[in-house]
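K.L.:
Got input-v5.txt for you, compact mmCIF, C-alpha atoms:
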```txt
# COMPACT_ATOMS: atom_id res chain seq x y z
CA MET A 233 6.81 -29.85 -175.99
CA GLU A 234 3.78 -29.57 -178.28
CA LEU A 235 2.47 -26.78 -180.51
CA ILE A 236 -1.21 -27.65 -180.77
CA HIS A 237 -2.97 -24.31 -180.33
CA ARG A 238 -3.23 -22.01 -183.35
CA ASN A 239 -3.18 -18.78 -181.32
CA LEU A 240 0.20 -19.78 -179.84
CA ALA A 241 1.65 -20.35 -183.33
CA ILE A 242 0.36 -16.92 -184.41
CA GLY A 243 1.88 -15.33 -181.28
CA ILE A 244 5.28 -16.95 -181.96
CA HIS A 245 5.09 -15.83 -185.62
CA ASP A 246 4.36 -12.20 -184.69
CA ALA A 247 7.07 -12.09 -182.01
CA LEU A 248 9.69 -13.51 -184.43
CA GLN A 249 8.68 -11.02 -187.11
CA GLU A 250 9.12 -8.15 -184.67
CA THR A 251 12.48 -9.41 -183.38
CA PHE A 252 14.00 -10.13 -186.80
CA PHE A 253 12.59 -7.32 -188.91
CA GLU A 254 11.81 -4.31 -186.73
CA LYS A 255 14.54 -1.91 -185.68
CA ASN A 256 15.77 -1.95 -182.07
CA LYS A 257 13.41 -4.73 -180.98
CA TYR A 258 15.08 -7.14 -178.55
CA ALA A 259 13.83 -10.66 -177.91
CA ASP A 260 13.44 -10.34 -174.11
CA LYS A 261 11.23 -7.22 -174.42
CA VAL A 262 9.27 -8.63 -177.38
CA ILE A 263 8.36 -11.83 -175.51
CA GLU A 264 7.56 -9.87 -172.35
CA ARG A 265 5.06 -7.71 -174.28
CA LEU A 266 3.55 -10.75 -176.03
CA LEU A 267 2.93 -12.58 -172.75
CA LYS A 268 1.50 -9.45 -171.14
CA ALA A 269 -0.91 -9.05 -174.06
CA HIS A 270 -2.17 -12.65 -173.60
CA ARG A 271 -2.90 -12.86 -169.89
CA LYS A 272 -5.35 -15.71 -170.49
CA TRP A 273 -2.61 -18.08 -171.61
CA GLY A 274 -1.87 -20.63 -168.89
CA SER A 275 1.63 -21.28 -167.52
CA GLN A 276 2.04 -24.28 -169.87
CA ASP A 277 1.12 -22.18 -172.93
CA ARG A 278 3.50 -19.41 -171.89
CA ALA A 279 6.33 -21.94 -171.45
CA VAL A 280 5.68 -23.40 -174.93
CA VAL A 281 5.67 -19.95 -176.57
CA SER A 282 8.85 -18.78 -174.77
CA GLU A 283 10.81 -21.94 -175.43
CA ILE A 284 9.93 -22.21 -179.13
CA PHE A 285 10.46 -18.47 -179.69
CA TYR A 286 13.93 -18.46 -178.11
CA ASN A 287 15.01 -21.75 -179.71
CA ILE A 288 14.05 -20.54 -183.18
CA ILE A 289 16.12 -17.37 -182.64
CA ARG A 290 19.00 -19.52 -181.35
CA TRP A 291 18.93 -21.97 -184.29
CA LYS A 292 17.90 -19.52 -187.04
CA ARG A 293 20.92 -20.10 -189.32
CA ARG A 294 20.63 -23.87 -189.10
CA LEU A 295 16.88 -23.74 -189.72
CA GLU A 296 17.47 -21.52 -192.78
CA TYR A 297 19.70 -24.28 -194.17
CA TYR A 298 16.92 -26.86 -193.66
CA MET A 299 14.40 -24.45 -195.25
CA GLY A 300 16.69 -23.80 -198.21
CA GLU A 301 16.23 -20.03 -197.93
CA SER A 302 16.86 -17.07 -195.64
CA VAL A 303 14.19 -15.95 -193.20
CA LYS A 304 11.94 -13.25 -194.66
CA PRO A 305 8.80 -11.59 -193.28
CA ASP A 306 6.64 -13.86 -195.47
CA ASN A 307 8.20 -17.27 -194.60
CA ILE A 308 8.20 -17.23 -190.80
CA TYR A 309 5.57 -19.98 -190.61
CA LYS A 310 7.93 -22.15 -192.69
CA LEU A 311 10.65 -21.36 -190.15
CA ILE A 312 8.35 -22.52 -187.32
CA VAL A 313 7.59 -25.78 -189.17
CA ALA A 314 11.33 -26.33 -189.81
CA TYR A 315 11.98 -25.89 -186.09
CA CYS A 316 9.20 -28.33 -185.12
CA LEU A 317 10.64 -30.96 -187.49
CA TYR A 318 14.24 -30.30 -186.34
CA SER A 319 13.36 -30.47 -182.63
CA LYS A 320 10.77 -33.27 -183.03
CA THR A 321 8.09 -30.98 -181.58
CA ASN A 322 4.60 -32.35 -182.12
CA TYR A 323 2.51 -29.76 -183.98
CA LYS A 324 -0.91 -29.41 -185.62
CA ARG A 325 -1.26 -28.58 -189.31
CA PHE A 326 -2.75 -25.11 -188.91
CA GLU A 327 -4.01 -23.29 -192.01
CA GLU A 328 -0.98 -20.96 -191.78
CA PHE A 329 1.22 -24.00 -192.47
CA GLU A 330 -0.58 -24.96 -195.71
CA GLY A 331 1.57 -25.08 -198.84
CA ILE A 332 4.85 -25.54 -196.91
CA LYS A 333 6.88 -28.31 -198.59
CA ILE A 334 7.78 -30.49 -195.63
CA ALA A 335 9.57 -33.10 -197.80
CA ASP A 336 12.32 -30.59 -198.71
CA ILE A 337 13.03 -29.95 -195.02
CA THR A 338 12.92 -33.61 -193.95
CA THR A 339 15.28 -34.64 -196.79
CA LYS A 340 17.97 -32.34 -195.40
CA LEU A 341 17.24 -33.37 -191.81
CA LYS A 342 17.68 -37.05 -192.70
CA LYS A 343 21.20 -36.35 -193.98
CA GLY A 344 22.19 -35.57 -190.39
CA THR A 345 25.02 -33.25 -191.48
CA VAL A 346 25.37 -29.57 -192.33
CA PRO A 347 27.95 -28.05 -194.71
CA THR A 348 29.77 -25.56 -192.42
CA LYS A 349 30.69 -24.99 -188.77
CA SER A 350 28.84 -21.66 -188.75
CA ILE A 351 25.62 -23.42 -189.84
CA GLU A 352 26.21 -26.22 -187.31
CA HIS A 353 26.50 -23.72 -184.44
CA SER A 354 23.93 -21.37 -186.00
CA ILE A 355 26.02 -18.20 -186.11
CA PRO A 356 26.99 -15.76 -188.89
CA GLU A 357 30.11 -16.70 -190.89
CA TRP A 358 32.04 -13.63 -189.66
CA LEU A 359 31.41 -14.62 -186.02
CA ALA A 360 32.69 -18.18 -186.54
CA GLU A 361 35.89 -16.68 -188.02
CA THR A 362 36.28 -14.16 -185.15
CA LEU A 363 35.75 -16.80 -182.45
CA GLU A 364 38.20 -19.21 -184.08
CA LYS A 365 40.81 -16.46 -184.52
CA GLU A 366 40.51 -15.21 -180.91
CA LEU A 367 39.81 -18.43 -178.97
CA GLY A 368 41.55 -21.07 -181.09
CA PRO A 369 40.37 -24.70 -180.93
CA ILE A 370 38.13 -24.20 -177.85
CA TRP A 371 35.75 -21.91 -179.77
CA GLU A 372 33.40 -24.75 -180.72
CA LYS A 373 33.10 -26.01 -177.14
CA GLU A 374 32.21 -22.48 -176.01
CA MET A 375 29.75 -21.94 -178.87
CA LYS A 376 28.06 -25.22 -177.98
CA ALA A 377 27.62 -23.98 -174.40
CA LEU A 378 26.30 -20.62 -175.65
CA ASN A 379 23.56 -22.43 -177.59
CA GLU A 380 22.19 -23.97 -174.39
CA GLN A 381 19.37 -22.38 -172.44
CA ALA A 382 20.56 -20.19 -169.57
CA PRO A 383 19.58 -21.29 -166.05
CA THR A 384 17.60 -18.84 -163.91
CA VAL A 385 19.81 -17.62 -161.08
CA LEU A 386 18.80 -15.18 -158.34
CA ARG A 387 21.00 -13.11 -156.03
CA ALA A 388 19.76 -13.12 -152.47
CA ASN A 389 19.74 -9.54 -151.18
CA SER A 390 21.92 -9.81 -148.06
CA LEU A 391 20.50 -6.51 -146.75
CA LYS A 392 17.29 -8.44 -146.09
CA THR A 393 17.95 -12.19 -146.22
CA SER A 394 20.45 -14.99 -146.97
CA ALA A 395 20.57 -17.53 -149.81
CA LYS A 396 19.32 -20.31 -147.49
CA GLU A 397 16.47 -18.21 -146.10
CA LEU A 398 15.48 -17.16 -149.62
CA ILE A 399 15.15 -20.82 -150.66
CA SER A 400 12.69 -21.36 -147.79
CA TYR A 401 10.64 -18.27 -148.72
CA LEU A 402 10.46 -19.39 -152.34
CA ALA A 403 9.46 -22.95 -151.37
CA VAL A 404 6.35 -21.53 -149.67
CA GLU A 405 5.44 -20.02 -153.06
CA ASN A 406 6.05 -23.33 -154.90
CA VAL A 407 9.36 -22.23 -156.42
CA VAL A 408 12.03 -24.91 -155.96
CA ALA A 409 15.60 -23.57 -155.77
CA TYR A 410 19.04 -24.54 -154.46
CA THR A 411 22.33 -22.83 -153.50
CA VAL A 412 25.27 -22.68 -155.92
CA LYS A 413 28.72 -23.79 -154.77
CA ASN A 414 31.31 -20.98 -154.58
CA TYR A 415 28.65 -18.29 -155.14
CA PRO A 416 27.59 -17.14 -151.64
CA ASP A 417 24.50 -15.16 -152.66
CA ALA A 418 23.37 -17.26 -155.63
CA VAL A 419 20.19 -19.33 -155.71
CA GLN A 420 19.37 -21.37 -158.82
CA LEU A 421 15.84 -22.36 -159.84
CA GLU A 422 15.03 -26.00 -160.54
CA GLU A 423 12.87 -24.90 -163.48
CA LYS A 424 11.91 -21.63 -165.14
CA LYS A 425 9.25 -19.74 -163.19
CA ASN A 426 7.94 -16.19 -163.28
CA VAL A 427 9.60 -15.17 -160.01
CA PHE A 428 8.54 -11.53 -160.42
CA LEU A 429 5.07 -12.51 -159.21
CA THR A 430 6.35 -13.80 -155.86
CA SER A 431 6.02 -11.79 -152.66
CA ALA A 432 9.74 -12.52 -152.05
CA PHE A 433 10.49 -10.39 -155.13
CA LYS A 434 8.03 -7.65 -154.20
CA ASP A 435 9.63 -7.50 -150.72
CA GLY A 436 13.07 -6.97 -152.30
CA LEU A 437 14.59 -10.25 -151.11
CA PHE A 438 16.32 -10.95 -154.43
CA GLU A 439 17.28 -9.79 -157.91
CA VAL A 440 17.60 -11.97 -160.99
CA GLN A 441 21.35 -12.01 -161.71
CA ASP A 442 23.51 -14.69 -163.31
CA ALA A 443 25.99 -16.41 -160.98
CA THR A 444 29.06 -15.19 -162.89
CA SER A 445 27.82 -11.60 -162.85
CA GLN A 446 27.63 -11.88 -159.05
CA LYS A 447 31.41 -12.40 -158.89
CA ILE A 448 32.16 -8.86 -160.03
CA ALA A 449 31.04 -6.98 -156.90
CA TYR A 450 33.11 -9.38 -154.75
CA PHE A 451 36.08 -8.91 -157.08
CA LEU A 452 36.05 -5.14 -156.43
CA ASP A 453 36.88 -5.83 -152.76
CA VAL A 454 34.65 -3.07 -151.34
CA LYS A 455 34.65 -2.08 -147.66
CA GLU A 456 32.00 -0.40 -145.51
CA GLY A 457 32.30 3.39 -145.48
CA GLN A 458 34.15 3.69 -148.80
CA ARG A 459 33.20 5.90 -151.72
CA VAL A 460 32.52 3.67 -154.72
CA VAL A 461 31.77 4.87 -158.24
CA ASP A 462 30.00 2.63 -160.77
CA VAL A 463 30.48 4.40 -164.11
CA CYS A 464 28.37 2.24 -166.44
CA ALA A 465 25.69 1.41 -163.87
CA GLY A 466 22.78 0.78 -166.25
CA ALA A 467 19.73 -0.44 -164.35
CA GLY A 468 22.02 -1.30 -161.45
CA GLY A 469 22.27 -5.08 -160.97
CA LYS A 470 25.89 -4.85 -159.82
CA THR A 471 25.35 -1.49 -158.06
CA LEU A 472 22.74 -3.10 -155.80
CA HIS A 473 25.10 -5.98 -155.05
CA LEU A 474 27.82 -3.49 -154.05
CA ALA A 475 25.35 -1.73 -151.72
CA ALA A 476 24.58 -5.07 -150.05
CA LEU A 477 28.27 -5.95 -149.66
CA MET A 478 28.88 -2.53 -148.08
CA GLY A 479 25.99 -3.07 -145.65
CA ASN A 480 24.48 0.24 -146.81
CA LYS A 481 27.47 2.07 -145.27
CA GLY A 482 29.52 4.55 -147.29
CA GLN A 483 28.52 6.01 -150.65
CA ILE A 484 27.93 4.57 -154.11
CA ILE A 485 27.70 7.01 -157.02
CA ALA A 486 25.97 5.31 -159.96
CA LEU A 487 26.63 6.94 -163.34
CA ASP A 488 25.13 6.28 -166.74
CA ILE A 489 24.45 8.12 -169.98
CA TYR A 490 20.78 7.03 -169.96
CA GLU A 491 18.34 8.74 -167.60
CA TRP A 492 15.73 5.93 -167.91
CA LYS A 493 18.23 3.30 -166.74
CA LEU A 494 19.06 5.35 -163.65
CA ALA A 495 15.32 5.81 -162.96
CA GLU A 496 14.97 2.01 -163.03
CA LEU A 497 17.99 1.70 -160.68
CA LYS A 498 16.32 4.07 -158.18
CA ARG A 499 13.14 1.99 -158.27
CA ARG A 500 15.08 -1.24 -157.70
CA ALA A 501 17.20 0.33 -154.93
CA LYS A 502 14.06 1.38 -153.08
CA ARG A 503 12.66 -2.15 -153.25
CA ALA A 504 16.00 -3.63 -152.15
CA GLY A 505 16.35 -1.22 -149.22
CA ALA A 506 19.69 0.06 -150.60
CA HIS A 507 20.01 3.61 -149.21
CA ASN A 508 23.63 4.48 -149.97
CA ILE A 509 23.24 4.91 -153.76
CA GLU A 510 23.22 8.28 -155.48
CA THR A 511 22.51 8.40 -159.24
CA ARG A 512 24.07 10.92 -161.63
CA MET A 513 23.53 11.13 -165.36
CA ILE A 514 26.64 11.66 -167.49
CA SER A 515 25.36 14.67 -169.43
CA ASP A 516 28.85 16.11 -170.11
CA ASN A 517 32.53 15.70 -169.19
CA LYS A 518 32.13 17.90 -166.12
CA VAL A 519 30.28 15.11 -164.30
CA ILE A 520 33.41 12.94 -164.60
CA LYS A 521 35.89 15.76 -163.95
CA ARG A 522 34.21 16.61 -160.64
CA LEU A 523 34.91 13.05 -159.50
CA HIS A 524 38.62 12.95 -160.43
CA GLU A 525 40.65 11.22 -157.70
CA LYS A 526 37.59 10.95 -155.43
CA ALA A 527 36.83 7.18 -155.44
CA ASP A 528 38.24 4.44 -153.22
CA ARG A 529 36.78 1.88 -155.61
CA LEU A 530 35.72 2.13 -159.23
CA LEU A 531 33.66 -0.28 -161.30
CA ILE A 532 33.87 -0.10 -165.10
CA ASP A 533 31.36 -2.64 -166.39
CA ALA A 534 32.18 -1.69 -169.96
CA PRO A 535 29.86 -1.85 -172.96
CA CYS A 536 30.88 -4.86 -175.03
CA SER A 537 29.87 -7.33 -177.76
CA GLY A 538 27.85 -9.37 -175.23
CA LEU A 539 29.21 -12.62 -176.71
CA GLY A 540 29.48 -14.14 -173.23
CA VAL A 541 25.71 -13.89 -172.67
CA LEU A 542 24.32 -15.37 -175.91
CA LYS A 543 22.62 -18.06 -173.80
CA ARG A 544 20.13 -15.45 -172.59
CA ASN A 545 20.34 -12.98 -175.51
CA PRO A 546 20.55 -15.21 -178.60
CA ASP A 547 19.14 -12.48 -180.87
CA SER A 548 22.22 -10.30 -180.39
CA LYS A 549 24.30 -12.57 -182.67
CA TRP A 550 21.99 -11.52 -185.53
CA LYS A 551 22.12 -7.82 -184.59
CA ILE A 552 25.86 -7.20 -184.27
CA ASP A 553 28.68 -7.41 -186.83
CA GLN A 554 32.47 -7.13 -186.94
CA ALA A 555 32.26 -3.36 -187.47
CA PHE A 556 30.26 -3.09 -184.22
CA ILE A 557 32.92 -5.07 -182.31
CA ASP A 558 35.73 -2.90 -183.76
CA ARG A 559 33.82 0.23 -182.75
CA ILE A 560 33.07 -1.04 -179.22
CA LYS A 561 36.75 -1.88 -178.65
CA LYS A 562 37.72 1.75 -179.33
CA GLU A 563 34.98 2.84 -176.94
CA GLN A 564 36.23 0.45 -174.22
CA GLN A 565 39.76 1.88 -174.41
CA GLN A 566 38.39 5.43 -174.26
CA ILE A 567 36.20 4.58 -171.24
CA ILE A 568 38.96 2.91 -169.21
CA GLN A 569 41.33 5.77 -170.08
CA ASP A 570 38.89 8.57 -169.15
CA TYR A 571 37.13 7.03 -166.15
CA SER A 572 40.23 5.62 -164.43
CA LYS A 573 41.04 9.23 -163.44
CA ILE A 574 38.14 9.01 -160.93
CA LEU A 575 40.22 6.63 -158.80
CA LYS A 576 42.21 7.95 -155.82
CA LYS A 577 45.86 7.01 -155.55
CA GLY A 578 45.96 3.67 -153.71
CA GLY A 579 42.40 2.92 -154.85
CA LYS A 580 41.30 -0.15 -156.84
CA MET A 581 39.12 -0.57 -159.89
CA VAL A 582 37.56 -3.43 -161.80
CA TYR A 583 37.32 -3.46 -165.58
CA ALA A 584 34.69 -6.05 -166.56
CA THR A 585 32.86 -7.22 -169.69
CA CYS A 586 30.36 -9.94 -170.56
CA SER A 587 32.47 -10.87 -173.60
CA ILE A 588 34.70 -13.89 -174.17
CA LEU A 589 37.00 -12.22 -176.73
CA PRO A 590 40.55 -11.52 -175.49
CA SER A 591 40.59 -8.38 -177.68
CA GLU A 592 37.85 -6.89 -175.49
CA ASN A 593 39.32 -8.20 -172.25
CA ASN A 594 42.92 -8.86 -171.21
CA GLU A 595 44.25 -7.16 -174.37
CA GLN A 596 42.36 -3.97 -173.46
CA VAL A 597 43.81 -4.10 -169.94
CA ALA A 598 47.34 -4.70 -171.28
CA GLU A 599 46.97 -1.70 -173.62
CA PHE A 600 45.75 0.51 -170.75
CA LEU A 601 48.59 -0.56 -168.41
CA LYS A 602 51.17 0.05 -171.15
CA ASN A 603 49.95 3.66 -171.47
CA ASN A 604 49.42 4.21 -167.72
CA PRO A 605 52.46 3.07 -165.67
CA ASP A 606 50.89 4.46 -162.47
CA PHE A 607 48.39 1.55 -162.53
CA LYS A 608 49.13 -2.14 -161.96
CA LEU A 609 47.17 -5.35 -162.43
CA ILE A 610 46.47 -7.20 -159.17
CA LYS A 611 44.60 -10.15 -160.71
CA ASP A 612 42.18 -11.02 -163.47
CA GLU A 613 39.75 -13.83 -164.17
CA LYS A 614 37.90 -15.08 -167.21
CA ILE A 615 34.86 -17.31 -166.86
CA MET A 616 33.83 -19.20 -169.96
CA PRO A 617 30.25 -20.26 -170.89
CA SER A 618 31.28 -23.95 -170.80
CA GLN A 619 31.62 -23.55 -167.01
CA GLY A 620 27.82 -23.43 -166.83
CA TYR A 621 26.95 -19.76 -166.52
CA ASP A 622 27.53 -16.57 -168.52
CA GLY A 623 30.94 -15.76 -169.95
CA PHE A 624 32.60 -12.82 -168.17
CA TYR A 625 35.98 -11.18 -167.77
CA MET A 626 37.14 -9.09 -164.82
CA ALA A 627 40.44 -7.41 -163.97
CA LEU A 628 41.31 -5.83 -160.61
CA ILE A 629 43.69 -2.89 -161.12
CA GLU A 630 45.31 -0.66 -158.49
CA ARG A 631 46.28 3.00 -158.88
CA LEU A 632 49.70 3.28 -157.33
CA ALA A 633 50.15 5.81 -154.53
```
What does the file become when written as structure tokens?
P.N.:
Amino acid sequence: MELIHRNLAIGIHDALQETFFEKNKYADKVIERLLKAHRKWGSQDRAVVSEIFYNIIRWKRRLEYYMGESVKPDNIYKLIVAYCLYSKTNYKRFEEFEGIKIADITTKLKKGTVPTKSIEHSIPEWLAETLEKELGPIWEKEMKALNEQAPTVLRANSLKTSAKELISYLAVENVVAYTVKNYPDAVQLEEKKNVFLTSAFKDGLFEVQDATSQKIAYFLDVKEGQRVVDVCAGAGGKTLHLAALMGNKGQIIALDIYEWKLAELKRRAKRAGAHNIETRMISDNKVIKRLHEKADRLLIDAPCSGLGVLKRNPDSKWKIDQAFIDRIKKEQQQIIQDYSKILKKGGKMVYATCSILPSENNEQVAEFLKNNPDFKLIKDEKIMPSQGYDGFYMALIERLA
């Protein structure tokens, strides 16, 4: 990895400034816009920019220690230099780097140690405390895994193809991929590629979806012809998987509070050839009340801290705080309490999060079951980031007849 073109350094600088200091700007969208604005950059340049950008976000706290100061809008070039020295990335001395005292950074780097665990793992102090309190001694192993780059995993759309067939289609377009053991629809890329440009994507043969996330639709145990309600559908990654598992038979009602997410779901469903999905915006409580006791299956993919997916969203650890987690936990309990009424007697639901905190996961389920004796836990599963993919939790719960 080399940073030898000035315009790339400027692009990284501007993207970091936007991500760190502008409200509601998320790294994935920021980098997407940057790369769209520089269509002349070759694939190598784009890879350099993406990797350095994400790694700086990931290692921000540690880099601040090497810099001897917090990141501010006027010292982002110093942050880039600190990263290049830390990661042994070859770089040119651009004029933007003039006046940066490299000796101060290298002195700290030569020590080879950092003063605290939170600096070592590059997370806020409060998060280190929360992880240690909730996970015990394994928290460091999990944090180490969360600081690795996420692999690119696709879900073969079984309405149109299989995982093995998809690998062949991608090979024709110079994208090397392989199947993933125990994940029937998953296909993992050998190296990062812009798969959205492939005709396989345009033809709706796959969606980008982490392997662990693909477990959730299977966990819900859907059958053809059932009525399934997905209450926090978002842009519909899991909704589309449910449609494929149901072979387009039956009905899926996808709910969300955001109209734009449901519009995106419709667009994706059309491309995927998923015809059994109906979208409804949750504009008031009546939308939910009309569905009471109507669903054979219910998916609650609850809003959460997102701590299980820091591999792909490293900026979120700088955007959330303990107050946010406390607030989201109240919301989760409210959601499971309110939306569980949609389930028919004898029906099953899945409560899922992309968090690794027990307080958002099994403890929420235990609280719900304590207050609702007409529901029982069938099984639950937690997948930790150290297992190679995103961290997720899922619980299958039955409403007793």
K.L.:
Report, as lines of an AutoDock Vina configuration file, the axis-aligned box around all atoms of region 393-407 of chain A present in the file, extended by 8 Å on each side; give centre and edge lengths in Å to one decimal place.
P.N.:
```
center_x = 13.0
center_y = -17.8
center_z = -151.3
size_x = 31.1
size_y = 27.1
size_z = 26.3
```
K.L.:
Using only C-alpha atoms, which protein or nucleic acid residues come within 7 Å of Ala476 (chain A)? Drop anything in the same chain fewer than 2 positions from it, and give the result as a PyMOL selection string.
P.N.:
chain A and resi 389-391+472-474+478-480
K.L.:
Considering all atoms listed in the file, return as a ChimeraX atom specification whatever protein or nucleic-acid residues lie within 12 Å of Ile334 (chain A), sequence-local ones (same chain, fewer than 3 positions apart) excluded.
P.N.:
/A:298-300,309-318,325,329-331,337-341
K.L.:
Calculated over only C-alpha atoms, which of the candidates A:Leu523, A:Lys425, A:Met513, A:Lys392 has the smallest distance to Leu477 (chain A)?
P.N.:
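Looking at the shortest contact to Leu477 (chain A), the residue is A:Lys392.
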K.L.:
Once you count all atoms listed in the file, which residues end up no further than 12 Å from (-1.2, -19.6, -173.6) in the file's frame, shown as a short mmCIF file (atom, residue, chain, number, x, y, z; two decimals) with C-alpha atoms, in the frame of the given file?
P.N.:
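See part_29.cif below for the written result:
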```cif
data_model
loop_
_atom_site.label_atom_id
_atom_site.label_comp_id
_atom_site.auth_asym_id
_atom_site.auth_seq_id
_atom_site.Cartn_x
_atom_site.Cartn_y
_atom_site.Cartn_z
CA LEU A 235 2.47 -26.78 -180.51
CA ILE A 236 -1.21 -27.65 -180.77
CA HIS A 237 -2.97 -24.31 -180.33
CA ARG A 238 -3.23 -22.01 -183.35
CA ASN A 239 -3.18 -18.78 -181.32
CA LEU A 240 0.20 -19.78 -179.84
CA ALA A 241 1.65 -20.35 -183.33
CA ILE A 242 0.36 -16.92 -184.41
CA GLY A 243 1.88 -15.33 -181.28
CA ILE A 244 5.28 -16.95 -181.96
CA LEU A 266 3.55 -10.75 -176.03
CA LEU A 267 2.93 -12.58 -172.75
CA LYS A 268 1.50 -9.45 -171.14
CA ALA A 269 -0.91 -9.05 -174.06
CA HIS A 270 -2.17 -12.65 -173.60
CA ARG A 271 -2.90 -12.86 -169.89
CA LYS A 272 -5.35 -15.71 -170.49
CA TRP A 273 -2.61 -18.08 -171.61
CA GLY A 274 -1.87 -20.63 -168.89
CA SER A 275 1.63 -21.28 -167.52
CA GLN A 276 2.04 -24.28 -169.87
CA ASP A 277 1.12 -22.18 -172.93
CA ARG A 278 3.50 -19.41 -171.89
CA ALA A 279 6.33 -21.94 -171.45
CA VAL A 280 5.68 -23.40 -174.93
CA VAL A 281 5.67 -19.95 -176.57
CA SER A 282 8.85 -18.78 -174.77
#
```
K.L.:
Show which residues sit within 9 Å of Glu352 (chain A), as a CSV table (one decimal) with C-alpha atoms, in the frame of the given file. Count all atoms listed in the file, and ignore same-chain residues fewer than 6 positions away.
P.N.:
```csv
chain,number,residue,atom,x,y,z
A,291,TRP,CA,18.9,-22.0,-184.3
A,293,ARG,CA,20.9,-20.1,-189.3
A,294,ARG,CA,20.6,-23.9,-189.1
A,345,THR,CA,25.0,-33.2,-191.5
A,346,VAL,CA,25.4,-29.6,-192.3
```
K.L.:
Between A:Pro356, A:Glu283, A:Lys261, A:Gly578, single out the one closest to Trp550 (chain A), counting all atoms listed in the file.
P.N.:
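For Trp550 (chain A), the nearest of the candidates is A:Pro356.
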K.L.:
So how many Å separate CA of Ser537 (chain A) and CA of Ile557 (chain A), to one decimal?
P.N.:
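That distance, rounded to one decimal, is 5.9 Å.
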